[in-house]
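J.: File follows, entry_27.cif with mmCIF, C-alpha atoms:
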data_entry
loop_
_atom_site.label_atom_id
_atom_site.label_comp_id
_atom_site.auth_asym_id
_atom_site.auth_seq_id
_atom_site.Cartn_x
_atom_site.Cartn_y
_atom_site.Cartn_z
CA MET H 4 -185.54 164.98 -139.02
CA GLY H 5 -183.26 162.51 -140.75
CA ARG H 6 -180.78 160.22 -138.98
CA LYS H 7 -177.83 162.09 -140.57
CA ALA H 8 -179.05 165.44 -139.32
CA ARG H 9 -179.48 164.07 -135.78
CA ARG H 10 -175.94 162.62 -135.86
CA ARG H 11 -174.53 165.96 -137.02
CA ARG H 12 -176.34 167.76 -134.21
CA GLU H 13 -175.04 165.24 -131.62
CA LYS H 14 -171.52 165.55 -133.01
CA ARG H 15 -171.69 169.36 -132.77
CA ARG H 16 -172.94 169.10 -129.17
CA THR H 17 -170.12 166.67 -128.23
CA THR H 18 -167.51 168.86 -129.88
CA LYS H 19 -168.81 171.90 -127.96
CA VAL H 20 -168.62 170.04 -124.63
CA LEU H 21 -165.09 168.84 -125.41
CA VAL H 22 -163.94 172.34 -126.36
CA GLU H 23 -165.41 173.79 -123.17
CA ALA H 24 -163.72 171.09 -121.09
CA GLU H 25 -160.44 171.75 -122.87
CA VAL H 26 -160.73 175.45 -122.12
CA GLU H 27 -161.34 174.69 -118.45
CA VAL H 28 -158.36 172.35 -118.26
CA THR H 29 -156.14 174.82 -120.08
CA GLU H 30 -157.27 177.55 -117.73
CA GLY H 31 -156.38 175.34 -114.77
CA LEU H 32 -152.91 174.64 -116.09
CA ARG H 33 -152.17 178.20 -117.11
CA PRO H 34 -149.81 179.96 -114.77
CA ALA H 35 -151.53 181.97 -112.08
CA ARG H 36 -150.05 185.24 -113.23
CA GLU H 37 -151.59 184.80 -116.74
CA ARG H 38 -155.00 183.97 -115.29
CA ARG H 39 -154.86 186.94 -113.01
CA GLU H 40 -153.91 189.15 -115.90
CA LYS H 41 -156.77 187.76 -117.93
CA LYS H 42 -159.25 188.50 -115.17
CA LYS H 43 -157.74 191.86 -114.34
CA PRO H 44 -155.74 192.76 -117.39
CA THR H 45 -155.01 196.29 -116.46
CA ARG H 46 -154.12 195.70 -112.80
CA PRO H 47 -150.88 197.52 -112.11
CA SER H 48 -148.34 196.39 -109.51
CA ARG H 49 -148.91 198.36 -106.35
CA ARG H 50 -145.19 198.93 -105.88
CA PRO H 51 -142.31 198.98 -108.34
CA ARG H 52 -140.70 195.55 -108.62
CA TYR H 53 -137.25 196.60 -107.46
CA LEU H 54 -138.81 198.12 -104.33
CA ARG H 55 -140.51 194.82 -103.50
CA ILE H 56 -137.26 192.92 -103.90
CA LEU H 57 -135.51 195.49 -101.77
CA THR H 58 -138.18 195.22 -99.07
CA GLY H 59 -137.90 191.42 -99.08
CA THR H 60 -134.12 191.60 -98.83
CA ALA H 61 -134.30 194.12 -96.00
CA ALA H 62 -136.81 191.95 -94.11
CA ALA H 63 -134.52 188.94 -94.53
CA ALA H 64 -131.54 190.94 -93.31
CA VAL H 65 -133.44 192.08 -90.22
CA VAL H 66 -134.56 188.53 -89.36
CA ALA H 67 -131.07 187.07 -89.90
CA THR H 68 -129.48 189.85 -87.84
CA ILE H 69 -131.87 189.25 -84.95
CA LEU H 70 -131.15 185.50 -85.05
CA ILE H 71 -127.39 186.05 -85.09
CA VAL H 72 -127.47 188.63 -82.30
CA VAL H 73 -129.58 186.33 -80.12
CA SER H 74 -127.21 183.45 -80.89
CA LEU H 75 -124.12 185.46 -79.97
CA ALA H 76 -125.56 187.00 -76.81
CA PRO H 77 -124.19 185.35 -73.67
CA TRP H 78 -127.54 184.07 -72.42
CA GLU H 79 -126.16 180.98 -70.78
CA SER H 80 -123.51 182.53 -68.61
CA ASP H 81 -122.10 185.92 -67.84
CA GLY H 82 -118.55 184.74 -67.38
CA GLU H 83 -116.47 182.74 -64.99
CA VAL H 84 -118.13 180.91 -62.16
CA THR H 85 -116.84 182.20 -58.87
CA PRO H 86 -115.07 179.64 -56.68
CA SER H 87 -117.67 179.76 -53.92
CA GLU H 88 -120.24 178.38 -56.36
CA PHE H 89 -118.47 175.06 -56.91
CA ILE H 90 -120.24 171.99 -55.61
CA ILE H 91 -117.90 169.45 -54.07
CA PRO H 92 -119.18 165.85 -54.21
CA PRO H 93 -118.90 163.47 -51.27
CA PRO H 94 -115.57 161.60 -51.27
CA ARG H 95 -115.42 158.18 -52.90
CA PRO H 96 -114.57 155.12 -50.80
CA ALA H 97 -110.87 155.29 -50.00
CA ASP H 98 -110.37 151.55 -50.38
CA ALA H 99 -111.73 151.34 -53.96
CA PRO H 100 -108.86 150.17 -56.17
CA ARG H 101 -107.80 152.73 -58.73
CA GLN H 102 -104.82 153.79 -60.75
CA GLY H 103 -104.60 156.92 -62.83
CA THR H 104 -107.82 157.14 -64.81
CA THR H 105 -108.69 153.49 -64.18
CA LEU H 106 -111.20 152.51 -61.52
CA GLY H 107 -111.53 148.99 -60.19
CA ASN H 108 -109.47 145.87 -59.83
CA PRO H 109 -106.68 145.90 -62.46
CA ASP H 110 -107.17 142.15 -62.86
CA ALA H 111 -110.91 142.40 -63.46
CA PRO H 112 -111.85 140.21 -66.44
CA LEU H 113 -113.78 142.90 -68.31
CA THR H 114 -112.56 146.38 -69.26
CA ILE H 115 -114.98 149.19 -69.99
CA VAL H 116 -113.32 152.08 -71.80
CA GLU H 117 -115.12 155.41 -71.91
CA TYR H 118 -114.15 158.15 -74.39
CA SER H 119 -115.60 161.28 -72.95
CA ASP H 120 -115.56 165.05 -72.63
CA PHE H 121 -116.18 166.91 -69.36
CA GLN H 122 -118.21 169.59 -71.13
CA CYS H 123 -120.54 167.29 -73.04
CA PRO H 124 -124.03 167.13 -71.49
CA PHE H 125 -124.57 163.46 -72.32
CA CYS H 126 -121.19 162.61 -70.78
CA ARG H 127 -122.34 164.35 -67.63
CA LYS H 128 -125.51 162.30 -67.61
CA ALA H 129 -123.52 159.11 -68.13
CA GLY H 130 -120.95 160.08 -65.52
CA LEU H 131 -123.38 161.06 -62.81
CA GLU H 132 -126.36 158.78 -63.42
CA ILE H 133 -125.31 155.65 -65.29
CA MET H 134 -121.70 154.94 -64.36
CA PRO H 135 -122.39 154.89 -60.60
CA GLN H 136 -124.77 151.96 -61.20
CA ILE H 137 -122.13 150.13 -63.25
CA GLU H 138 -119.55 150.87 -60.58
CA ALA H 139 -121.79 149.45 -57.87
CA GLU H 140 -122.77 146.28 -59.71
CA TYR H 141 -119.68 145.41 -61.71
CA VAL H 142 -116.65 147.47 -60.66
CA ALA H 143 -117.03 147.18 -56.88
CA THR H 144 -117.59 143.44 -57.27
CA GLY H 145 -114.38 143.01 -59.27
CA LYS H 146 -116.10 141.88 -62.47
CA ALA H 147 -115.07 144.90 -64.50
CA LYS H 148 -112.76 147.87 -64.43
CA LEU H 149 -113.50 151.28 -65.84
CA VAL H 150 -110.97 153.19 -67.91
CA TRP H 151 -111.52 156.86 -68.73
CA LYS H 152 -109.99 158.18 -71.96
CA GLN H 153 -109.91 161.81 -72.96
CA PHE H 154 -111.86 162.82 -76.06
CA PRO H 155 -112.22 166.60 -75.69
CA ILE H 156 -114.27 167.68 -78.68
CA GLU H 157 -116.19 170.64 -77.31
CA GLY H 158 -113.46 173.27 -77.35
CA GLU H 159 -110.57 174.66 -75.36
CA GLU H 160 -112.23 174.34 -71.95
CA SER H 161 -112.70 170.64 -72.66
CA VAL H 162 -108.97 170.29 -73.33
CA TRP H 163 -108.05 172.23 -70.18
CA ALA H 164 -110.45 170.14 -68.09
CA ALA H 165 -109.01 166.95 -69.58
CA GLU H 166 -105.44 168.03 -68.76
CA ALA H 167 -106.48 169.11 -65.25
CA SER H 168 -108.13 165.76 -64.60
CA GLU H 169 -104.90 164.03 -65.60
CA CYS H 170 -103.02 166.27 -63.14
CA ALA H 171 -105.52 165.19 -60.48
CA ALA H 172 -104.91 161.56 -61.46
CA GLU H 173 -101.24 162.16 -60.71
CA GLN H 174 -102.38 162.65 -57.10
CA ASN H 175 -104.71 159.65 -57.32
CA ALA H 176 -107.74 161.93 -57.31
CA PHE H 177 -108.95 161.57 -60.87
CA TRP H 178 -112.41 160.25 -59.96
CA GLU H 179 -113.10 162.95 -57.36
CA TYR H 180 -112.01 165.54 -59.89
CA HIS H 181 -114.17 163.81 -62.53
CA ASP H 182 -117.25 163.97 -60.28
CA THR H 183 -116.59 167.62 -59.40
CA LEU H 184 -116.23 168.68 -63.02
CA PHE H 185 -119.48 167.00 -64.04
CA LEU H 186 -121.36 168.35 -61.01
CA ASN H 187 -120.25 171.88 -61.84
CA ARG H 188 -120.68 171.76 -65.60
CA THR H 189 -122.81 174.76 -66.64
CA GLY H 190 -122.44 174.81 -70.42
CA ILE H 191 -119.90 174.64 -73.18
CA ASN H 192 -116.97 177.08 -73.17
CA VAL H 193 -118.83 179.42 -70.81
CA GLY H 194 -115.92 180.08 -68.51
CA THR H 195 -116.55 177.37 -65.92
CA PHE H 196 -113.53 175.25 -66.80
CA VAL H 197 -110.95 177.98 -67.35
CA ILE H 198 -107.49 177.38 -65.85
CA THR H 199 -108.08 179.52 -62.74
CA ASN H 200 -111.27 177.64 -61.90
CA LEU H 201 -109.65 174.27 -62.53
CA LYS H 202 -107.01 175.23 -59.99
CA VAL H 203 -109.68 176.31 -57.50
CA ILE H 204 -111.39 172.93 -57.87
CA ALA H 205 -108.09 171.19 -57.06
CA LYS H 206 -107.80 173.35 -53.97
CA GLU H 207 -111.38 172.60 -52.91
CA LEU H 208 -110.57 168.89 -53.23
CA ASP H 209 -107.57 169.34 -50.92
CA LEU H 210 -105.04 168.37 -53.57
CA ASP H 211 -101.44 169.51 -53.44
CA THR H 212 -102.15 172.74 -55.29
CA GLU H 213 -98.52 173.60 -55.90
CA ALA H 214 -97.94 170.33 -57.71
CA PHE H 215 -101.30 170.51 -59.45
CA ASN H 216 -100.81 174.08 -60.66
CA ALA H 217 -97.32 173.32 -61.91
CA CYS H 218 -98.63 170.26 -63.75
CA LEU H 219 -101.41 172.25 -65.40
CA ASP H 220 -99.24 175.27 -66.23
CA GLN H 221 -96.55 173.10 -67.77
CA GLY H 222 -99.11 171.23 -69.86
CA ARG H 223 -97.63 168.00 -68.57
CA TYR H 224 -100.45 165.85 -69.91
CA ARG H 225 -101.07 167.68 -73.17
CA ASP H 226 -99.49 164.82 -75.11
CA LYS H 227 -101.42 162.19 -73.13
CA VAL H 228 -104.71 163.95 -73.93
CA ALA H 229 -103.72 164.20 -77.59
CA THR H 230 -102.80 160.51 -77.61
CA ASP H 231 -106.18 159.52 -76.14
CA TYR H 232 -107.90 161.73 -78.70
CA ALA H 233 -105.98 160.18 -81.59
CA GLU H 234 -106.73 156.70 -80.26
CA ALA H 235 -110.44 157.53 -80.18
CA ARG H 236 -110.33 158.72 -83.77
CA ARG H 237 -108.50 155.53 -84.73
CA ARG H 238 -111.24 153.49 -83.09
CA GLU H 239 -113.79 155.45 -85.13
CA VAL H 240 -115.26 157.26 -82.17
CA THR H 241 -117.28 160.15 -83.57
CA GLY H 242 -119.28 161.36 -80.60
CA THR H 243 -119.23 161.53 -76.85
CA PRO H 244 -119.65 159.56 -74.78
CA THR H 245 -118.61 156.35 -76.52
CA PHE H 246 -117.94 153.19 -74.54
CA PHE H 247 -116.19 149.97 -75.40
CA VAL H 248 -117.56 147.27 -73.14
CA GLY H 249 -115.01 144.61 -73.98
CA GLN H 250 -115.49 144.34 -77.75
CA THR H 251 -118.98 145.86 -77.74
CA LYS H 252 -119.26 149.50 -78.71
CA VAL H 253 -121.98 151.44 -76.88
CA VAL H 254 -122.57 154.94 -78.19
CA GLY H 255 -124.28 157.60 -76.12
CA ALA H 256 -125.67 157.90 -72.62
CA LYS H 257 -127.84 154.85 -73.11
CA PRO H 258 -130.05 153.62 -70.27
CA TYR H 259 -128.37 151.44 -67.68
CA SER H 260 -130.21 148.38 -69.05
CA ALA H 261 -128.35 148.73 -72.36
CA PHE H 262 -125.00 148.73 -70.56
CA LYS H 263 -126.05 145.85 -68.33
CA GLU H 264 -126.95 143.77 -71.37
CA ALA H 265 -123.62 144.53 -73.07
CA ILE H 266 -121.63 143.84 -69.89
CA ASP H 267 -123.46 140.58 -69.16
CA ASP H 268 -122.96 139.42 -72.76
CA GLU H 269 -119.24 140.18 -72.63
CA LEU H 270 -118.87 138.53 -69.23
CA ALA H 271 -120.69 135.46 -70.57
CA LYS H 272 -118.29 135.33 -73.53
CA LEU H 273 -115.32 135.62 -71.17
CA GLY H 274 -116.81 132.85 -69.02
CA GLU H 275 -117.23 130.59 -72.03
CA ALA H 276 -113.71 131.30 -73.17
CA GLY H 277 -112.41 130.54 -69.67
CA GLU H 278 -114.26 127.23 -69.56
CA ALA H 279 -112.97 126.29 -73.01
CA GLU H 280 -109.41 126.82 -71.82
CA MET B 153 -138.45 178.05 -114.75
CA GLY B 154 -142.03 176.81 -115.02
CA ASP B 155 -144.38 177.46 -112.15
CA PHE B 156 -145.02 173.79 -111.54
CA LEU B 157 -141.34 172.92 -111.57
CA LYS B 158 -140.38 175.84 -109.34
CA TRP B 159 -142.97 175.31 -106.62
CA GLY B 160 -142.58 171.54 -106.86
CA ALA B 161 -138.84 171.87 -106.32
CA LEU B 162 -139.40 174.19 -103.37
CA ALA B 163 -141.84 171.70 -101.85
CA VAL B 164 -139.34 168.85 -102.24
CA LEU B 165 -136.57 170.96 -100.69
CA ALA B 166 -138.83 172.02 -97.81
CA ILE B 167 -139.73 168.39 -97.07
CA ALA B 168 -136.09 167.27 -97.27
CA GLY B 169 -135.01 170.16 -95.04
CA MET B 170 -137.74 169.34 -92.57
CA GLY B 171 -136.49 165.75 -92.37
CA VAL B 172 -132.91 166.86 -91.67
CA ALA B 173 -133.98 169.48 -89.13
CA ALA B 174 -136.38 167.06 -87.44
CA TYR B 175 -133.56 164.55 -87.00
CA LEU B 176 -131.31 167.24 -85.49
CA THR B 177 -134.14 168.26 -83.14
CA TYR B 178 -134.77 164.65 -82.15
CA SER B 179 -131.10 164.05 -81.41
CA HIS B 180 -131.03 167.24 -79.35
CA TYR B 181 -133.80 166.05 -77.04
CA VAL B 182 -132.97 162.35 -76.96
CA ASP B 183 -129.80 160.89 -75.45
CA GLN B 184 -128.64 159.69 -78.81
CA PRO B 185 -125.48 160.86 -80.52
CA ILE B 186 -125.99 161.97 -84.09
CA MET B 187 -125.33 159.56 -86.93
CA CYS B 188 -122.48 161.28 -88.62
CA ALA B 189 -121.84 159.34 -91.83
CA GLY B 190 -118.37 158.41 -90.66
CA MET B 191 -117.46 162.03 -90.04
CA SER B 192 -116.67 163.55 -86.71
CA GLY B 193 -118.05 166.71 -85.27
CA CYS B 194 -121.82 166.32 -85.36
CA ASP B 195 -122.02 166.01 -81.61
CA ALA B 196 -119.49 168.76 -81.04
CA VAL B 197 -121.64 171.07 -83.14
CA GLU B 198 -124.98 169.86 -81.79
CA ASN B 199 -123.80 170.13 -78.19
CA SER B 200 -122.22 173.53 -78.61
CA GLU B 201 -123.74 176.66 -77.08
CA TYR B 202 -124.59 177.87 -80.59
CA SER B 203 -126.98 174.98 -81.14
CA THR B 204 -129.78 176.74 -79.29
CA LEU B 205 -131.42 180.15 -79.46
CA LEU B 206 -133.03 181.09 -76.14
CA ASP B 207 -133.13 177.38 -75.31
CA ILE B 208 -134.83 176.57 -78.61
CA PRO B 209 -132.73 174.07 -80.59
CA VAL B 210 -131.62 175.46 -83.94
CA GLY B 211 -132.95 172.22 -85.45
CA LEU B 212 -136.44 173.08 -84.28
CA LEU B 213 -136.14 176.50 -85.91
CA GLY B 214 -135.21 174.62 -89.07
CA VAL B 215 -138.36 172.51 -88.82
CA LEU B 216 -140.49 175.65 -88.38
CA PHE B 217 -138.69 177.31 -91.29
CA CYS B 218 -139.40 174.39 -93.60
CA ALA B 219 -143.01 174.17 -92.41
CA GLY B 220 -143.37 177.87 -93.26
CA LEU B 221 -141.86 177.36 -96.71
CA LEU B 222 -144.11 174.38 -97.36
CA THR B 223 -147.16 176.39 -96.28
CA LEU B 224 -146.17 179.10 -98.77
CA VAL B 225 -145.87 176.53 -101.53
CA LEU B 226 -149.28 175.04 -100.73
CA ALA B 227 -150.87 178.48 -100.50
CA ARG B 228 -149.40 179.41 -103.86
CA VAL B 229 -150.38 176.19 -105.60
CA ALA B 230 -153.93 176.24 -104.15
CA PRO B 231 -153.85 179.13 -105.19
CA LEU B 232 -154.90 181.57 -102.47
CA PRO B 233 -155.39 185.09 -103.91
CA LEU B 234 -152.90 186.76 -101.59
CA ALA B 235 -150.33 184.02 -102.13
CA GLU B 236 -150.50 184.51 -105.90
CA GLU B 237 -149.04 187.95 -105.46
CA TRP B 238 -146.81 187.53 -102.44
CA ALA B 239 -145.72 183.90 -102.11
CA LEU B 240 -142.65 184.26 -104.32
CA LEU B 241 -141.40 187.35 -102.56
CA ALA B 242 -142.11 185.80 -99.16
CA ALA B 243 -140.26 182.62 -100.15
CA PHE B 244 -137.37 184.72 -101.44
CA SER B 245 -137.14 186.70 -98.18
CA MET B 246 -137.49 183.61 -96.00
CA THR B 247 -134.85 181.63 -97.83
CA LEU B 248 -132.52 184.65 -97.97
CA ALA B 249 -132.77 184.99 -94.18
CA GLY B 250 -132.21 181.23 -93.97
CA VAL B 251 -129.10 181.44 -96.16
CA ALA B 252 -127.68 184.28 -94.06
CA PHE B 253 -128.25 182.41 -90.79
CA ALA B 254 -126.95 179.14 -92.25
CA ALA B 255 -123.82 180.98 -93.43
CA TYR B 256 -123.32 182.30 -89.91
CA LEU B 257 -123.74 178.80 -88.43
CA THR B 258 -121.31 177.36 -90.96
CA TYR B 259 -118.80 180.03 -89.96
CA ILE B 260 -119.31 179.01 -86.30
CA GLU B 261 -118.75 175.36 -87.24
CA LEU B 262 -115.55 176.08 -89.14
CA PHE B 263 -113.91 178.70 -86.96
CA VAL B 264 -115.38 178.45 -83.48
CA VAL B 265 -116.39 174.84 -82.84
CA GLU B 266 -113.86 173.73 -85.47
CA ASP B 267 -115.87 170.75 -86.56
CA ILE B 268 -118.31 170.19 -89.37
CA CYS B 269 -121.70 168.59 -88.93
CA ILE B 270 -122.79 166.94 -92.15
CA TRP B 271 -126.49 167.30 -91.23
CA CYS B 272 -126.15 171.04 -90.60
CA THR B 273 -124.20 171.47 -93.83
CA SER B 274 -126.85 169.55 -95.75
CA PHE B 275 -129.54 171.81 -94.35
CA ALA B 276 -127.52 174.88 -95.33
CA GLY B 277 -127.21 173.44 -98.85
CA ILE B 278 -130.96 172.83 -99.10
CA VAL B 279 -131.78 176.37 -98.00
CA THR B 280 -129.26 177.80 -100.45
CA VAL B 281 -130.72 175.88 -103.40
CA ALA B 282 -134.24 176.99 -102.37
CA TRP B 283 -133.06 180.59 -102.25
CA LEU B 284 -131.42 180.34 -105.68
CA ILE B 285 -134.66 179.03 -107.16
CA THR B 286 -136.60 181.98 -105.80
CA LEU B 287 -133.83 184.39 -106.78
CA VAL B 288 -133.92 183.31 -110.43
CA ASP B 289 -137.65 183.91 -110.51
CA VAL B 290 -137.53 187.17 -108.62
CA LEU B 291 -134.96 188.53 -111.06
CA ALA B 292 -136.68 187.13 -114.16
CA PRO B 293 -138.18 189.76 -116.45
CA THR B 294 -141.96 190.12 -116.06
CA THR B 295 -144.67 192.01 -117.84
CA GLU B 296 -145.50 194.09 -114.77
#
Could I get this structure in the form of structure tokens?
T.:
Amino acid sequence: MGRKARRRREKRRTTKVLVEAEVEVTEGLRPARERREKKKPTRPSRRPRYLRILTGTAAAAVVATILIVVSLAPWESDGEVTPSEFIIPPPRPADAPRQGTTLGNPDAPLTIVEYSDFQCPFCRKAGLEIMPQIEAEYVATGKAKLVWKQFPIEGEESVWAAEASECAAEQNAFWEYHDTLFLNRTGINVGTFVITNLKVIAKELDLDTEAFNACLDQGRYRDKVATDYAEARRREVTGTPTFFVGQTKVVGAKPYSAFKEAIDDELAKLGEAGEAE
Amino acid sequence: MGDFLKWGALAVLAIAGMGVAAYLTYSHYVDQPIMCAGMSGCDAVENSEYSTLLDIPVGLLGVLFCAGLLTLVLARVAPLPLAEEWALLAAFSMTLAGVAFAAYLTYIELFVVEDICIWCTSFAGIVTVAWLITLVDVLAPTTE
């Protein structure tokens, strides 16, 4: 066999391999439906197409309906909490300095402002677990004072609770009312902080209920709550709770160590500024 | 729309949706307010009673939804024999249910909680685009 003939044979073999490879690649890239049709060209659809679309739509509707029904069902609460269920916290020390929604020595060098909502779960955590530690270490020792500002973002019961707490502040009982609200929080807009219950809480705390009820019914602090809310928005507060430890913004119910660091830093700055003067 | 483009787009949307939903789930379980891109309302929405279904955060349902969609895409691209026939219809049904539920949640945001959560809205947008992709294909003329 001549060299030319051998080359031709090799070329034919190479071409065949390339063509086969090309076919394989093309097969791989071809849409699945085409390949299926090639393998089973006469396979009919088991159901008419419109029926399949209809079945899919119906299945989607069923799933979505179930989800919505479950979401709307009152799983969390079945209505108002009866007065006997309210937990009343132990009274705070009578000699602790306070004024309105401010706790601590008014001349304390550092001010910690909290924008909060009585219905927000993280605010509850901050109010019951973190703030007491700050109060013990910094407020009771006169290093800082705590100022509560209303930022009711969770709905109408948040607004009512905020107004009620201001009415309690009128009787110098804001912090007891604050503790009671957080202790009895059961959810968001579930009927716990409706007007009647807010009045019962005032009664349980031995407040002057006539004055308290009149204050709440008249909406005496509606503007004050709105002003706090607007102030929070102005200060670019977007969530609750948000704290301003001096000039340091602390967002969320952070661990106590985070607050301690911020407070110590701010106190150090104040100390340096005092020395400089 | 080509098969590659369609399933690729669905995969990208599923991954993006999973990221958004995972962040919402994380913020639900961790004491960390949601980053809200300068907008208010994320926490109001996330802390509302509508943010859970039987104590399961809606965000977690979103993660599971996207994981399901991604599984469908992978099954179809593999391709598994059953997925070749059913993946598109399943994706269409899933995303349609997703759109309906997202529409309901958006209604809750606007008219009940009265605040908009940019993360939730983004997720709703992702699901809607995914549904439209499947819808176009489902309605496209075929040789069947």
J.: When you get a sec, could you note down which chain H residues fall within 6 Å of chain B, using only C-alpha atoms, as a PyMOL selection string?
T.: chain H and resi 59-60+63+67+74+156-157+191+241-242+255-256
J.: I'd like the contact shell of Phe246 of chain H - 6 Å cut-off, all atoms listed in the file, skipping same-chain residues fewer than 5 positions apart - returned as JSON, numbers by chain.
T.: {"H": [116, 117, 252, 253]}
J.: So that I can see what lies close to segment 212-226 of chain H, please list as a list in words the residues with an atom at most 8 Å from it, counting only C-alpha atoms and leaving out residues fewer than 5 positions away in the same chain.
T.: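 In the requested format, the answer is Glu166, Ala167, Glu169, Cys170, Ala171, Ile198, Lys202, Ala205 and Lys206 of chain H.
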J.: Name every residue that the PyMOL selection byres ((chain H and resi 182) around 9) selects in this structure, writing the answer as a ChimeraX atom specification with chains first and numbers rising.
T.: /H:91-92,127,130-131,177-181,183-187
J.: Atom CA of Ala161 of chain B and atom CA of Tyr259 of chain B are how many Å apart?
T.: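 About the pair atom CA of Ala161 of chain B and atom CA of Tyr259 of chain B: they are 27.1 Å apart.
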J.: Which residue, H:Val142, H:Val162, H:Ala172, H:Leu113, has the smallest gap to Ala271 of chain H when you use all atoms listed in the file?
T.: H:Leu113
J.: For the file shown, report as a ChimeraX atom specification the outcome of the PyMOL selection byres ((chain B and resi 163-174) around 7) at residue level.
T.: /B:159-162,175-178,211-212,214-215,218,221-222,225,271,275,278,282
J.: How many Å lie between atom CA of Phe196 of chain H and atom CA of Lys257 of chain H, rounded to one decimal?
T.: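 Pair atom CA of Phe196 of chain H / atom CA of Lys257 of chain H returns 25.7 Å.
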J.: Using only C-alpha atoms, find the one residue out of H:Gln136, H:Thr144, H:Asn175, H:Thr199 that sits nearest to Glu160 of chain H.
T.: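 Of the candidates, the smallest distance to Glu160 of chain H is held by H:Thr199.
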J.: Could you please determine the separation between atom CA of Phe154 of chain H and atom CA of Thr230 of chain H in Å, to one decimal place?
T.: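 These two atoms are separated by 9.5 Å.
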J.: If the PyMOL selection byres ((chain H and resi 119) around 8) were run on this exact file, what residues would it hold? Put them as a list of chain:residue names.
T.: H:Glu117, H:Tyr118, H:Asp120, H:Phe121, H:Cys123, H:Cys126, H:Trp151, H:Lys152, H:Gln153, H:Phe154, H:Pro155, H:Thr243, H:Pro244, H:Thr245
J.: Take the residues from that selection and put them in a file with C-alpha atoms, as a PDB file, keeping the file's coordinate frame.
T.:
ATOM      1  CA  GLU H 117    -115.120 155.410 -71.910  1.00  0.00           C
ATOM      2  CA  TYR H 118    -114.150 158.150 -74.390  1.00  0.00           C
ATOM      3  CA  ASP H 120    -115.560 165.050 -72.630  1.00  0.00           C
ATOM      4  CA  PHE H 121    -116.180 166.910 -69.360  1.00  0.00           C
ATOM      5  CA  CYS H 123    -120.540 167.290 -73.040  1.00  0.00           C
ATOM      6  CA  CYS H 126    -121.190 162.610 -70.780  1.00  0.00           C
ATOM      7  CA  TRP H 151    -111.520 156.860 -68.730  1.00  0.00           C
ATOM      8  CA  LYS H 152    -109.990 158.180 -71.960  1.00  0.00           C
ATOM      9  CA  GLN H 153    -109.910 161.810 -72.960  1.00  0.00           C
ATOM     10  CA  PHE H 154    -111.860 162.820 -76.060  1.00  0.00           C
ATOM     11  CA  PRO H 155    -112.220 166.600 -75.690  1.00  0.00           C
ATOM     12  CA  THR H 243    -119.230 161.530 -76.850  1.00  0.00           C
ATOM     13  CA  PRO H 244    -119.650 159.560 -74.780  1.00  0.00           C
ATOM     14  CA  THR H 245    -118.610 156.350 -76.520  1.00  0.00           C
TER      15      THR H 245
END
J.: Restricting the calculation to only C-alpha atoms, which member of H:Val203, H:Val65, H:Val193, H:Leu70 is positioned closest to Leu213 of chain B?
T.: H:Leu70
J.: Considering all atoms listed in the file, state which residue in the set B:Leu240, B:Val279, B:Leu216, B:Leu224 is at the smallest distance from Arg55 of chain H.
T.: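 Distance minimum relative to Arg55 of chain H lands on B:Leu240.
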J.: So which one's closest to Ile137 of chain H, H:Gly107, H:Gly190, H:Pro94, H:Gly274? Using only C-alpha atoms, please.
T.: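 Ranked by minimum distance to Ile137 of chain H, first place goes to H:Gly107.
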